[in-house]
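The next block holds one structure in the form of structure tokens; read it before the comments.
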Amino acid sequence: MGCLRLILGDQLTHTLPVLTDAVKSKDLVLMAEVREEATYVPHHKKKIAFLFSAMRHFAVELRDEGYTVDYVDYRNEDNQGSLLEQVKYQLKQHNLNKVVVTEPGEHRLKQSMAQWSNVLGVDVDILPDNRFLATPDDFSRWAEGRKQLRMEFFYREMRRRYSVLMDGDKPIGGKWNYDEQNRKPMPETHKVPSPTTFEPDELTKEVLKLVEDEFDDHFGQLTPFSMAVTRKQALQVLNEFIEKRLPDFGQYQDAMVEGKPWLYHSHLSFHINCGLLTPKEVIMAAEQAYHAGTAPLNSAEGFIRQILGWREYVRGFYWHFMPSLKSDNYFHHDRALPAFFWDARTNMNCMRQCIKETRDHAYAHHIQRLMVLGNFCLLTGLSPAAVQEWYLLVYADAYEWVELPNVAGMILYSDGGNLASKPYVSSGSYINKMSNYCKNCGYKVSKKTGEDACPFNYLYWRFIDAHSERLRGNPRMGMIYKTFDRMSDDKIQTMRDDGARFLARLSRNEEV
Ligand code: FAD
Ligand code: DLZ
Ligand code: SF4
């Protein structure tokens, strides 16, 4: 008797042991498009289309490799609606006596799977996910006894451990981090290479029709759809990134330009997170480009840090701090998400552009997620639960293990500073420096107070004022509180009044 090998939608990797250990003549591979996974948050239409299409293509590849695959599509009459019920059904149909699965990326599913053996009455083997370069235990060992869990130190250990961009035990070039050469705004006339796009094939067209019919009420623009949905296509995205974008990735990493969503970013998170590419091969490709002389060190290092550093760090952080990470609310924030997070109807041009791009592409780059959208969420005191759900559903690369640490730890500081050494907040001047959004805005970035002043300006100081008790003792906030303490009482009162007026309008869902 063989076993049932379940592959989840974000486990589309041929080298996972759940596949490589299979006895092809006996075992059955199960993949299923189920309502529970597609709707536990109402994911962006493009995210569902991307994942279902990638899953269907992956199943075809597995069959070509000789695996026996049961692929249960969304409208199949045998579809049981959830992973557990589908596994139960398939075990019965095929008389199999064991389930093998790779550990899932999300806590809710891991908790559920821990009960599967009892519920199903068969052995359930949950194998480690060997695509990550650090295990949750590695992270917890690293974290033990440390007062601060700064990514930079975790990253240095990962560089040493995998000998990436190293010269013996020293970092190549003598420094671990070249960010002082990055962070440049982009000149308006600068021409950015076009992103790598693909025409939908017949399989993808079927999925697009399905999503249009079944998920019409979900957020987001479904078409045009041009994402890579196979490993071969994902490799093409990687190769074109290394050749055309990586050289300038570093210097323009933080830039934002109206009408240019893709810039010099890699657009690889979709493909790494669902398994079409492994983080290791992406890191190696960037390192090779540096050694071949086609990418400068500031770009190669900056890019590698995002994957070998941030991506591995947030995954370890997630497992280390779950489940409390999800319910933490350090500032006791509870404001509902404003309606314009769904329809982009706001006079704040930076918010409008970032939300529109999110709606159209299920993508926004890091600084848009962090310093525009995230900055707004924290400064206006939106409820962490509402913000977490929004980020989890709107981006096609979002799974809770990566979304939650970024939202709770990085943008909202709702964990009280386990991830970030201080809240990532800024006034409008940062957005104005790094983008051209302010030129087309209904508000004036140069004005600090008044009806037409940039809301980020007074909201920033309102936040500093309102949370003085919690934040003043933080050494990294010292300079900010020095400046604040020099402000006249009149000025502070005007900020407070402007902030209160803006927040009241937001709570009444009036246009801002
Ligand atoms: P690039 O800029 O080209 O970066 C290269 C790669 O580095 C990415 O593909 C990604 O794999 C990795 N990376 C970079 N930053 C991070 C980070 N902070 N955490 C983890 N990996 C990182 N990333 C997700 O993959 N899924 C999410 O749900 C997600 N939610 C986020 C929410 C917020 C509030 C913030 C601030 C960041 C979030 N990120 C998330 C991280 C980052 O914004 C995206 O990984 C990145 O924008 C994806 O685009 P890219 O592939 O073009 O990235
Ligand atoms: C995100 C997602 C969606 C939309 N649909 C499915 C699905 O139908 N079947 C499936 O196996 N996986 C899906 N996924 C991915 C899972 O939600 C993901 O495996 C868990 O969230 C763990 O990361
Ligand atoms: Fe955003 Fe303020 Fe600039 Fe308008 S003026 S685009 S609200 S930062």
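Identifiers in this document derive from the order of the structure tokens: chains are assigned A, B, ..., residues are numbered from 1 separately in each chain, and ligands are numbered from 1 in order of occurrence.
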
### Task
If you run DSSP over the backbone, which residues in region 305-337 of chain A end up alpha helix (DSSP H)? Put them as a VMD selection string.
chain A and resid 312 to 321 324 to 327

Dump C-alpha atoms for the selected residues as a PDB file, in the first residue's frame?
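After the write, again-v3.pdb holds the following:
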ATOM      1  CA  GLU A 312      15.231  34.030   6.449  1.00  0.00           C
ATOM      2  CA  TYR A 313      15.130  36.306   9.482  1.00  0.00           C
ATOM      3  CA  VAL A 314      11.391  37.071   9.220  1.00  0.00           C
ATOM      4  CA  ARG A 315      10.585  33.392   8.783  1.00  0.00           C
ATOM      5  CA  GLY A 316      12.524  32.476  11.947  1.00  0.00           C
ATOM      6  CA  PHE A 317      11.003  35.464  13.737  1.00  0.00           C
ATOM      7  CA  TYR A 318       7.475  34.355  12.763  1.00  0.00           C
ATOM      8  CA  TRP A 319       7.807  30.878  14.265  1.00  0.00           C
ATOM      9  CA  HIS A 320       9.662  32.210  17.306  1.00  0.00           C
ATOM     10  CA  PHE A 321       6.936  34.708  18.212  1.00  0.00           C
ATOM     11  CA  SER A 324       1.409  36.189  20.189  1.00  0.00           C
ATOM     12  CA  LEU A 325       2.835  38.109  17.200  1.00  0.00           C
ATOM     13  CA  LYS A 326      -0.625  38.077  15.651  1.00  0.00           C
ATOM     14  CA  SER A 327      -2.477  39.537  18.612  1.00  0.00           C
TER      15      SER A 327
END

### Query
If you count only C-alpha atoms, which residues fall within 12 Å of Gln236 (chain A), apart from same-chain ones fewer than 4 positions away, as number ranges by chain?
A: 195-198, 227-232, 240-244, 266-268, 271, 276-277, 282

Would you put the residues from that selection into a file with N, CA and C atoms, as an mmCIF file, in the first residue's frame?
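Here's the written file selection_22.cif:
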data_model
loop_
_atom_site.group_PDB
_atom_site.id
_atom_site.type_symbol
_atom_site.label_atom_id
_atom_site.label_comp_id
_atom_site.auth_asym_id
_atom_site.auth_seq_id
_atom_site.Cartn_x
_atom_site.Cartn_y
_atom_site.Cartn_z
ATOM 1 N N PRO A 195 9.522 45.038 -17.292
ATOM 2 C CA PRO A 195 9.520 43.756 -16.571
ATOM 3 C C PRO A 195 9.338 42.585 -17.534
ATOM 4 N N THR A 196 9.689 41.398 -17.076
ATOM 5 C CA THR A 196 9.536 40.191 -17.902
ATOM 6 C C THR A 196 8.079 39.735 -17.826
ATOM 7 N N THR A 197 7.436 39.642 -18.981
ATOM 8 C CA THR A 197 6.012 39.284 -18.970
ATOM 9 C C THR A 197 5.755 38.081 -19.888
ATOM 10 N N PHE A 198 4.623 37.430 -19.678
ATOM 11 C CA PHE A 198 4.280 36.229 -20.451
ATOM 12 C C PHE A 198 2.817 36.282 -20.872
ATOM 13 N N MET A 227 1.980 37.101 -15.492
ATOM 14 C CA MET A 227 2.979 36.575 -14.552
ATOM 15 C C MET A 227 3.557 35.234 -15.020
ATOM 16 N N ALA A 228 4.788 34.969 -14.605
ATOM 17 C CA ALA A 228 5.409 33.666 -14.852
ATOM 18 C C ALA A 228 4.711 32.628 -13.986
ATOM 19 N N VAL A 229 4.315 31.506 -14.574
ATOM 20 C CA VAL A 229 3.580 30.493 -13.803
ATOM 21 C C VAL A 229 4.251 29.114 -13.843
ATOM 22 N N THR A 230 5.404 29.026 -14.492
ATOM 23 C CA THR A 230 6.153 27.766 -14.484
ATOM 24 C C THR A 230 7.580 28.057 -14.016
ATOM 25 N N ARG A 231 8.279 26.998 -13.659
ATOM 26 C CA ARG A 231 9.676 27.180 -13.237
ATOM 27 C C ARG A 231 10.502 27.750 -14.401
ATOM 28 N N LYS A 232 10.231 27.250 -15.597
ATOM 29 C CA LYS A 232 11.001 27.728 -16.750
ATOM 30 C C LYS A 232 10.827 29.251 -16.919
ATOM 31 N N GLU A 240 16.686 37.541 -16.486
ATOM 32 C CA GLU A 240 16.571 38.926 -16.988
ATOM 33 C C GLU A 240 16.839 39.929 -15.864
ATOM 34 N N PHE A 241 16.438 39.573 -14.649
ATOM 35 C CA PHE A 241 16.728 40.470 -13.514
ATOM 36 C C PHE A 241 18.242 40.607 -13.335
ATOM 37 N N ILE A 242 18.919 39.463 -13.324
ATOM 38 C CA ILE A 242 20.370 39.483 -13.077
ATOM 39 C C ILE A 242 21.072 40.312 -14.170
ATOM 40 N N GLU A 243 20.599 40.146 -15.387
ATOM 41 C CA GLU A 243 21.254 40.827 -16.504
ATOM 42 C C GLU A 243 20.885 42.323 -16.574
ATOM 43 N N LYS A 244 19.586 42.623 -16.452
ATOM 44 C CA LYS A 244 19.158 43.994 -16.751
ATOM 45 C C LYS A 244 18.912 44.877 -15.529
ATOM 46 N N SER A 266 13.354 42.915 -8.287
ATOM 47 C CA SER A 266 13.499 41.630 -8.995
ATOM 48 C C SER A 266 12.162 41.001 -9.369
ATOM 49 N N HIS A 267 11.109 41.329 -8.649
ATOM 50 C CA HIS A 267 9.765 40.732 -8.861
ATOM 51 C C HIS A 267 9.826 39.212 -8.724
ATOM 52 N N LEU A 268 10.683 38.766 -7.827
ATOM 53 C CA LEU A 268 10.878 37.319 -7.673
ATOM 54 C C LEU A 268 10.175 36.751 -6.450
ATOM 55 N N HIS A 271 7.621 34.063 -6.998
ATOM 56 C CA HIS A 271 8.119 32.759 -7.463
ATOM 57 C C HIS A 271 8.943 32.043 -6.412
ATOM 58 N N LEU A 276 8.630 28.025 -7.055
ATOM 59 C CA LEU A 276 9.127 27.831 -8.425
ATOM 60 C C LEU A 276 10.627 28.104 -8.503
ATOM 61 N N LEU A 277 11.119 28.971 -7.628
ATOM 62 C CA LEU A 277 12.568 29.211 -7.522
ATOM 63 C C LEU A 277 12.968 28.975 -6.074
ATOM 64 N N VAL A 282 18.707 31.781 -6.279
ATOM 65 C CA VAL A 282 18.612 33.212 -6.562
ATOM 66 C C VAL A 282 19.825 33.938 -5.966
#

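Taking only C-alpha atoms into account, Ile307 (chain A) lies nearest to A:Glu281 out of the set A:Glu188, A:Asp167, A:Glu281, A:Asp498.
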
### Task
Pick out the closest residue to Arg305 (chain A) from this set: A:Pro128, A:Gly250, A:Gly409, A:Gly416. Count only C-alpha atoms.
A:Gly250

Hey, could you make a per-residue contact list for chain A against ligand 1 with 7 Å as the cut-off, showing the nearest pair of atoms and its distance in Å to one decimal, counting only C-alpha atoms and all ligand atoms, sorted by chain and number, as a Markdown table?
| residue | atom | partner | partner_atom_place_in_ligand_line | distance |
| --- | --- | --- | --- | --- |
| A:Gln253 | CA | ligand 1 | 2 (O) | 6.7 |
| A:His265 | CA | ligand 1 | 3 (O) | 3.9 |
| A:Ser266 | CA | ligand 1 | 3 (O) | 3.6 |
| A:His267 | CA | ligand 1 | 52 (O) | 3.3 |
| A:Leu268 | CA | ligand 1 | 51 (O) | 3.9 |
| A:Ser269 | CA | ligand 1 | 9 (O) | 3.4 |
| A:Phe270 | CA | ligand 1 | 51 (O) | 6.8 |
| A:Ile272 | CA | ligand 1 | 11 (O) | 6.4 |
| A:Asn273 | CA | ligand 1 | 25 (O) | 6.4 |
| A:Phe303 | CA | ligand 1 | 5 (C) | 5.7 |
| A:Gln306 | CA | ligand 1 | 7 (O) | 4.0 |
| A:Ile307 | CA | ligand 1 | 7 (O) | 4.3 |
| A:Trp310 | CA | ligand 1 | 19 (N) | 4.9 |
| A:Arg311 | CA | ligand 1 | 21 (N) | 3.6 |
| A:Val314 | CA | ligand 1 | 19 (N) | 6.0 |
| A:Ala364 | CA | ligand 1 | 47 (O) | 6.0 |
| A:His365 | CA | ligand 1 | 47 (O) | 3.8 |
| A:His366 | CA | ligand 1 | 43 (O) | 3.4 |
| A:Ile367 | CA | ligand 1 | 36 (C) | 6.8 |
| A:Arg369 | CA | ligand 1 | 36 (C) | 4.7 |
| A:Leu370 | CA | ligand 1 | 36 (C) | 3.9 |
| A:Gly374 | CA | ligand 1 | 34 (C) | 5.7 |
| A:Tyr391 | CA | ligand 1 | 32 (C) | 6.2 |
| A:Leu392 | CA | ligand 1 | 28 (O) | 6.0 |
| A:Tyr395 | CA | ligand 1 | 28 (O) | 6.2 |
| A:Asp397 | CA | ligand 1 | 26 (N) | 4.5 |
| A:Ala398 | CA | ligand 1 | 28 (O) | 3.1 |
| A:Tyr399 | CA | ligand 1 | 28 (O) | 5.5 |
| A:Glu400 | CA | ligand 1 | 28 (O) | 6.8 |
| A:Val402 | CA | ligand 1 | 27 (C) | 5.1 |
| A:Glu403 | CA | ligand 1 | 28 (O) | 3.7 |
| A:Asn406 | CA | ligand 1 | 33 (C) | 4.6 |
| A:Val407 | CA | ligand 1 | 34 (C) | 4.4 |
| A:Met410 | CA | ligand 1 | 36 (C) | 6.4 |
| A:Ile411 | CA | ligand 1 | 34 (C) | 5.6 |

### Message
So that I can see what lies close to Ser226 (chain A), please list as a ChimeraX atom specification the residues with an atom at most 12 Å from it, counting only C-alpha atoms and leaving out residues fewer than 3 positions away in the same chain.
### Response
/A:46,49-50,53,195-201,204-205,208,222-223,229,233-234,237,360-362

### Task
Using only C-alpha atoms and all ligand atoms, find each residue with an atom at most 10 Å away from ligand 2 and format the answer as a PyMOL selection string.
chain A and resi 6-12+30-52+55+72-74+81-83+102-110+273-274+392-393+396-402
